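Read the structure below first, then the notes.
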Amino acid sequence: MGRYLIRRLLQFIPVLLGALFLLHYMTVVGIQISGDPVRALFGDNPPPESVLAAMRADYGLDNPCLDRRFDPCVAMFVERLGQYATGDFGIDLRQGRPITEHLGERFPTTMRLALIAVVFETVLGIALGVLAGLRKDRFVDNLVRASTVLLIAFPVFIIGTLIQVYVGVKLGNWIRGQDSMPDWFGQMFTVTYSADYPWLSLILPGLVLGAFSLAAIARLTRTSVIENLRADYVRTAKAKGMPGTRVVGVHTLRNSLIPVVTYIGFDIGNLMAGAVVTEGIFGVPGIGQFVFQGTQNKDAGIVVGTVTILVLVYLIFNLVVDLLYAVLDPRIRYD
Amino acid sequence: MRTMKPLRFAAIGAAFALVVAACGGGDEGDGGDDGADGGASGGSYITHVSEPEQLAPSPMCYESECGAIWSMIGEPMVSVDFESGELVFDGLLESIETEDNTVFTLTIKDGWTFHNGDPVDADALIRGWTWTQNEQNAADTAGFLGKLEGAGEANPSGLEKIDDLTVEVALSGAFVEFPKMLSFRPAFQPQAEECLQDTEACNEQPIGIGPYMMDGPWQHNQAINLVRYEDYAGEAPAEADSIQFKIEESLVNAFRDFSAGNIDLLRTTDPTVYPQAEGQYADQMIQEDQTRFTYMSFPMFEDYYKNPDLRRGISLAIDRQAIIDNVLNGIYEPSTDIVPPAMPGSRDDACEYCTFDPEQAKQLFEQGGGSEGDELTLFFNADAGHEGWVEAVGRQLAQNLGITFKLRPLPWDQYTNFIEEQKFTGPFRLGWSIDYPSPENFIRPLVDSNGDSNYGGYSNEELDGFLSQGDQQDSTDGAYEFYHQAGDVALDEMPLIPLWTGLSTIIPGDNVSNVRYDPATDDPAFGEVTVN
Amino acid sequence: MSESVIASQRGIDVAALQRVHFDRDAPLLEVDDLHVEFHTRDGTAKAVNGVSFTLHEGETLGILGESGCGKSVTAQAIMGILDIPPARVAGGKILFRGVDLQKMEEKTRRHIRANKIAMIFQDALSALNPVFTVGWQLGEIYRKHTEASRSQAKAKAVELLDLVGIPAAKERVNSFPHQFSGGMRQRVMIAMALALEPDIIIADEPTTALDVTVQAQVMKLLSDLQQDYRMGLILITHDMAVMADVADKICVMYAGNAVEQADVHQIYSRPAHPYSKGLLESIPRVDMKGQELAAIKGLPPVLVDPPPGCPFHPRCTFARERCQEEKPELYDVPGDRRSACFFWEEVISS
Amino acid sequence: MTDPHSLEGILSKGEPGGSEPGPAAKERSRSLTADAIYELVRNPVFWVAGTLVVIVLTMAVVPGLWANQDPNVSAECDIQLAQRSPSWDRPFGYTTQGCSMWGAVVYGTRNSVFVAIAGTAAIAVIAITLGVIAGFYGRWIDSVLSRITDIFFGLPFILGAIILLTILTTRTVWTISAVITVFLWPQMTRIMRGATIATKQRDFVDAARAVGASNFRIIRKHIIPNSLAPVIVIGTINLGQLIAIESTLTFLGIGFQPPTVSWGLLIQAGAGPALGGTTHLLWIPCAFVVIATLSFILLGDVLRDALDPRMR
């Protein structure tokens, strides 16, 4: 385990640096091609050049390499790494507040949204997958397979928009119009996030966010269960006289869940990407929306800072998942 | 995605500035007295803003969201009657005196205090204006003091204290509309010393002089709370005891919150939910002509667009009403002048080529050197909801002139880059909104040879002459005469195509009344709102 | 997933076996005319087609045949661990000490496994669950068939590992299957089968995956333990040499049919079926050095669509016309043996 | 296994072992391809999905076959008809620009499908090249390529695409396909690498080496043909997913731009009015995206079932 851990950590470093550099390079090229983000802030009424220069210096955008197209600006990258190491991920260009402060405000919301999505996709996904796997080629299996394929074919933004229109507006308005319904119940069908109902009003967006992964997990679990049910050790367990529930619940499921747990771990990337769309549609003031607004407003500070943190989170999650994988699967651990 | 973005952010992009002026003559009476003698109706209500960029010092405020806050925590120097175009001294200033429209003597009313208790005097005014125009502070509204003598320096020569309540302001040239310019709140606020010493703290809890003051610091992404300032010395009404500006992520959200009863007063309805809002709240909605307009400018530096007939033809080929009805939800009015109808000095029928006449359009277009099969590229800033109508304009040009068209949406930073470096190769969309209530504010910046926002590069000596002659008149009427002549030149030559003016879409909820659209702030008059 | 597994009951019912009345005098195991079918897309495959044999205490029965001949299916049918569907026991009886296992309730039959009949699988690496320690997997048997606690179960596991000759059993009990060598793993499998001291062990190709030297060690361990515990052993293999060493009597299977049953010496000296003969002749022998090996020509038949008549006739050197039309039954051959060949006399004497 | 459709797990686990079920003999007698075809023609899903795919492809290539009103021709549209709901003579209604909705979705097919095909093809080429090199040569080449793959894998797709696409001034089918390729090649490369390693260990590769075949020849004649099945299956499924991805990017405002006609743009334009009640502007283009995505995914799914005997 120790050696595995060390090897994995050693691999992590170049990947981390590489991803951060890729990110850095993309933003640098962005500035080199489309122009100075500080200037863009002022719209039609540019302040005197001296002021712009001062601001550029403040934001670290005065490096001459930014004028040379496709220059990788390595010195700038090194400087940035130093700042990241001290927890400084820059400031947004409009309000001049630290990115970390913004994210601190938005993080709980996105966390709640992601939690709802993960619980939903995991519980329902595994349940459906196991059910379908056990009843392979029966009605339940075909139903699960058909509905998950359909779900996968629905891009998140389409589910989100359709649900917003048909559930949020049409059904939701009707429910909210009923006097007999308690107020909180109507909030579950809300069209947009409401700070007064920080959990209830995130249920619908959470389901939308988790929909794709729900389908993926159900299918993955199903395949995995079917595969493991015919594994030799399952036959061994039966030959040992183990009851059916134990054969399925312990011997099969434990093995089947290894890829599923891995998937859920990696899914954090999907969730972050999905959150950009879902939070946008449902007006959830979370990190995904922040990134997207940053992009639209051309706030290089927000985009670089936030995406860097997200990529960090994602990579660390991947590392954790890999280590978790080793915990779950002893074959990996002792290689 | 349109729904994600505070629509009002587009305002910055489109160079929409806000003018803030208290209500004009007829409205000052009762409301003002109420505010002054504490006979307010009381209660509190909730409205909404998008998270502002910055709140203070006020000269940093050149966008609609902080503008809404400053319309209550700040005070205009003077205001302008939108009917007559005359100055009304219902603000901080007692009087403005000038002999040559170059040197102005400003007298401050006695007894005013900042929200922190400091007196508002000549020093406070000079302190504020000095800060505004100082290049080092990079104030977004510094341009308003650009005509000041010695503008940009740490101690401009144009500001001189006469006594505790009197300031002498010297401009670098005559400008008859300067007093009206003073109605723009953020740029000309006096500043408390405390604020300028620690601008960061001040940004969290701005110190103003207006009828309302901050009730605790700015709660980022949540709310900005205002409470009535009891020592307010002015006349502006402050009916409600307190106002909460709930911070909404988008206008769509704001509408949802309004529908759910979480917001009492909807400032603006997002165009995407307008059809729904119209169905639900048609009776309540307050629709008034806004003090802004949308236009397409021609790149005069491109040979193709140099012939006025071609430009006239293009303008005539656009069926404004059809686009408004079918793409823009009907919440606009076709332009008839380069100045929006709500502005003092606007005209109903000034624009000959703003009508729809496909036959004449084609004839003029070809006369001006255009021919069938030409390819026109239309430019606009992306992600601000312009896609639909620009495409519709393109389609009408294609149908009526026989051309083909391309659309080039650009992110705003690239758009500004195109503007500055004159990279446009075809008509480009822009908008302009009121800074101060004078027709000059819509003509000079857009079409004067040296106009700040004359991005098409149009130049006409005759037009420039009319403008400067107007500036030197000593009466508003006299000035308008020349400004109108300048406008006529522009509308004949068509360096830009006026398209349409928006209508406000304010919706008051059931528990507030007395809601009025204020053209000076392009917002509801928050202080007048009473809680039922 | 087998329907039976889902339908079975949860929980420990240790007393279940005590309620069954086993006939102490009956043979350990009697398999009578067993038929197993597989339903596949292409039709029904008769994987086991009327196999019968008897096993007594302390006896070793070898089942011999090429892969796909139905050996393992027979074993799994006896254990009751066939995947149903696609498999189905289409007929026949499986009697343990006179009790028909097929008629037994699943929750009772479950206790027959490991308690009375245990099985050793060929590839221990895949037959052991990769994510649990061997101690856990051994202990599980005690925990689920007796009321042993976790610590008792683990102590038992150590004992067992010791018994099958795994060094440092106390430490190794916490290892995972992939950390053992092939031979050691197979010993773990044997330990698992021995756990509850069953009456019968079915060893399905227990040494196929092992080196020859290890093979011998494992086979010796298995037969020693069998002697010690006086168990019945069913040894399934295609390896004639292993069979010759260990088995008392042999059942040769071909395409789901038992084609010859006899005492080990009889088969090895004078096979009564052309297939047995072919198998024997394909063993390289030192005394025949230099001569060409006599491989059986052709391939085993497709079970969904077996040839008419004798299933072996397309590959048989003795085949006549009759073989193509009529399927031979198991004929009694002198010496308490049976052969499914019309011309068994000819075969013996050739 | 980061992708639900990934065959990685299935491929890396080798041949089915252990039991010897009865019908095994039969399977051996038929080649894998013949078996797959046999499986496919008997599967109704294959025919339904296949037909839909053919329809979508013909719409992309010759839209005139399916609709006679081209929204790219402005004369075909009438602003006065904008947003009209479906009626008897125009069962799909009109777009926000007053064009026939049916014409718009049919003519919008090309852009979406083109991006999907170009993206998939580019991904396949990169994946096969890098995957084979990494898997076949192993050692440090593999380590370096694997780390580079990891780096690109470390950037979540939408986030990366947002940054890259906002940089690009003009977004054409080419640039969008390129961005999709830049961020989506690692997945298939990993799969290809796994397949190569599995194939490399098979006997015929050793045999070829023994008779003196060059590395290049081994790769060309043995490795690639024998590792191609997962690429075909995943490629088909990718086609579906790229259609969905293209429309997502466009919906987010970083994909196609008007006056291009594309499904994502139609949805983007229709989402707002739909909230107000003009729902056909939303659900019609949505239905097209979903049906097209679904038919490619289903086709890939049945292909996988057919090509992978272990799932039967």
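If you're wondering about the labels, chains in the structure tokens are A, B, ... by order shown, residues count from 1 in each chain, ligands from 1 in order shown.
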C:Met231: which residues within 8 Å, counting only C-alpha atoms, same-chain residues fewer than 5 positions away excluded, as a ChimeraX atom specification? /C:57-59,198-201,226
Extract, using only C-alpha atoms, all DNA, RNA and protein residues at most 7 Å from D:Val173, discarding same-chain residues fewer than 4 positions from it, and format them as number ranges by chain. D: 111, 115, 177
Go ahead and save the picked residues with N, CA and C atoms, as a PDB file, in the first residue's frame.
```pdb
ATOM      1  N   ASN D 111     -25.156  20.956 -39.216  1.00  0.00           N
ATOM      2  CA  ASN D 111     -24.114  21.458 -38.325  1.00  0.00           C
ATOM      3  C   ASN D 111     -23.882  20.532 -37.143  1.00  0.00           C
ATOM      4  N   VAL D 115     -20.374  18.298 -36.723  1.00  0.00           N
ATOM      5  CA  VAL D 115     -19.478  18.410 -35.565  1.00  0.00           C
ATOM      6  C   VAL D 115     -19.275  17.038 -34.942  1.00  0.00           C
ATOM      7  N   SER D 177     -15.497  21.469 -33.510  1.00  0.00           N
ATOM      8  CA  SER D 177     -15.022  20.081 -33.538  1.00  0.00           C
ATOM      9  C   SER D 177     -13.634  19.996 -32.912  1.00  0.00           C
TER      10      SER D 177
END
```
Could you give me, as a VMD selection string, the residues within 9 Å of stretch 308-316 of chain A, counting only C-alpha atoms and dropping anything in the same chain fewer than 3 positions from it? (chain A and resid 12 15 to 16 19 to 20 23 to 24 89 100 266 268 to 269 272 303 to 305 319 to 321) or (chain D and resid 154 to 156)
Contact table chain D vs chain A, cut-off 6 Å, shortest pair per residue, only C-alpha atoms, as a Markdown table:
```
| residue | atom | partner | partner_atom | distance |
| --- | --- | --- | --- | --- |
| D:Thr2 | CA | A:Tyr263 | CA | 5.3 |
| D:Pro4 | CA | A:Ala216 | CA | 4.9 |
| D:Ile151 | CA | A:Val15 | CA | 5.0 |
| D:Pro156 | CA | A:Gly269 | CA | 5.5 |
| D:Ile158 | CA | A:Ala273 | CA | 5.2 |
| D:Ile167 | CA | A:Gly30 | CA | 4.8 |
| D:Ala244 | CA | A:Pro155 | CA | 5.6 |
| D:Leu275 | CA | A:Val165 | CA | 5.5 |
| D:Val290 | CA | A:Ala153 | CA | 5.5 |
| D:Thr293 | CA | A:Ala153 | CA | 5.3 |
| D:Leu294 | CA | A:Ala153 | CA | 4.9 |
```
Give me the residues near D:Ala127 as an mmCIF file with C-alpha atoms, in the first residue's frame, where near means some atom within 7 Å (using only C-alpha atoms) and where sequence neighbours in that chain fewer than 5 positions away do not count.
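Result file follows (result20.cif):
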```cif
data_model
loop_
_atom_site.group_PDB
_atom_site.id
_atom_site.type_symbol
_atom_site.label_atom_id
_atom_site.label_comp_id
_atom_site.auth_asym_id
_atom_site.auth_seq_id
_atom_site.Cartn_x
_atom_site.Cartn_y
_atom_site.Cartn_z
ATOM 1 C CA TRP D 185 -9.463 12.443 -26.927
ATOM 2 C CA MET D 188 -10.782 6.798 -26.173
ATOM 3 C CA THR D 189 -6.987 6.858 -26.099
ATOM 4 C CA MET D 192 -7.284 1.980 -27.223
#
```
Go ahead and compute the interatomic distance for atom CA of B:Tyr517 and atom CA of B:Ile443, in Å to one decimal.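 Atom CA of B:Ile443 lies 24.2 Å from atom CA of B:Tyr517.
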Could the residues of chain D within 8 Å of chain B, counting only C-alpha atoms, be given as number ranges by chain, please? D: 74-75, 79-83, 96-97, 166, 169-170, 251-253, 257-259, 268-269, 272-273, 275-277
Return as JSON, numbers by chain the residues belonging to chain C that are within 10 Å of chain D, counting only C-alpha atoms. {"C": [36, 37, 38, 39, 40, 41, 42, 43, 44, 45, 46, 47, 48, 67, 68, 69, 70, 71, 72, 73, 82, 83, 86, 87, 121, 122, 123, 124, 126, 127, 255, 256, 299, 300, 301, 302, 303, 304, 305]}
Atom CA of B:Lys246 and atom CA of B:Ile46, how far apart in Å? 6.7 Å
Go through chain A residue by residue and, counting only C-alpha atoms, keep those with an atom at most 9 Å from chain C; for each kept residue give the shortest atom pair and its distance in Å to one decimal, ordered by chain and increasing number, as JSON lines.
```
{"residue": "A:Gly133", "atom": "CA", "partner": "C:Met1", "partner_atom": "CA", "distance": 8.1}
{"residue": "A:Leu134", "atom": "CA", "partner": "C:Met1", "partner_atom": "CA", "distance": 5.6}
{"residue": "A:Arg135", "atom": "CA", "partner": "C:Met1", "partner_atom": "CA", "distance": 7.3}
{"residue": "A:Lys136", "atom": "CA", "partner": "C:Met1", "partner_atom": "CA", "distance": 7.9}
{"residue": "A:Ile226", "atom": "CA", "partner": "C:Met1", "partner_atom": "CA", "distance": 7.8}
{"residue": "A:Leu229", "atom": "CA", "partner": "C:Met1", "partner_atom": "CA", "distance": 6.3}
{"residue": "A:Arg230", "atom": "CA", "partner": "C:Met1", "partner_atom": "CA", "distance": 7.9}
{"residue": "A:Ala231", "atom": "CA", "partner": "C:Ser126", "partner_atom": "CA", "distance": 7.3}
{"residue": "A:Asp232", "atom": "CA", "partner": "C:Ala127", "partner_atom": "CA", "distance": 4.5}
{"residue": "A:Tyr233", "atom": "CA", "partner": "C:Ala127", "partner_atom": "CA", "distance": 4.1}
{"residue": "A:Val234", "atom": "CA", "partner": "C:Ala127", "partner_atom": "CA", "distance": 7.6}
{"residue": "A:Arg235", "atom": "CA", "partner": "C:Ile81", "partner_atom": "CA", "distance": 6.9}
{"residue": "A:Thr236", "atom": "CA", "partner": "C:Ala127", "partner_atom": "CA", "distance": 5.9}
{"residue": "A:Ala237", "atom": "CA", "partner": "C:Asn129", "partner_atom": "CA", "distance": 8.5}
{"residue": "A:Lys238", "atom": "CA", "partner": "C:Ile81", "partner_atom": "CA", "distance": 6.4}
{"residue": "A:Ala239", "atom": "CA", "partner": "C:Arg113", "partner_atom": "CA", "distance": 5.9}
{"residue": "A:Lys240", "atom": "CA", "partner": "C:Ala114", "partner_atom": "CA", "distance": 5.2}
{"residue": "A:Gly241", "atom": "CA", "partner": "C:Arg110", "partner_atom": "CA", "distance": 4.7}
{"residue": "A:Met242", "atom": "CA", "partner": "C:Arg110", "partner_atom": "CA", "distance": 6.9}
{"residue": "A:Pro243", "atom": "CA", "partner": "C:Arg10", "partner_atom": "CA", "distance": 5.7}
{"residue": "A:Gly244", "atom": "CA", "partner": "C:Val5", "partner_atom": "CA", "distance": 4.2}
{"residue": "A:Thr245", "atom": "CA", "partner": "C:Arg10", "partner_atom": "CA", "distance": 6.4}
{"residue": "A:Arg246", "atom": "CA", "partner": "C:Arg10", "partner_atom": "CA", "distance": 7.7}
{"residue": "A:Val247", "atom": "CA", "partner": "C:Val5", "partner_atom": "CA", "distance": 8.0}
{"residue": "A:Val248", "atom": "CA", "partner": "C:Ile6", "partner_atom": "CA", "distance": 8.4}
{"residue": "A:His251", "atom": "CA", "partner": "C:Asn129", "partner_atom": "CA", "distance": 7.3}
{"residue": "A:Arg254", "atom": "CA", "partner": "C:Val131", "partner_atom": "CA", "distance": 7.9}
{"residue": "A:Asn255", "atom": "CA", "partner": "C:Val131", "partner_atom": "CA", "distance": 7.1}
{"residue": "A:Leu328", "atom": "CA", "partner": "C:Val131", "partner_atom": "CA", "distance": 7.3}
{"residue": "A:Asp329", "atom": "CA", "partner": "C:Val131", "partner_atom": "CA", "distance": 5.8}
{"residue": "A:Pro330", "atom": "CA", "partner": "C:Val131", "partner_atom": "CA", "distance": 5.9}
{"residue": "A:Arg331", "atom": "CA", "partner": "C:His178", "partner_atom": "CA", "distance": 6.7}
{"residue": "A:Tyr334", "atom": "CA", "partner": "C:Gln179", "partner_atom": "CA", "distance": 8.2}
```
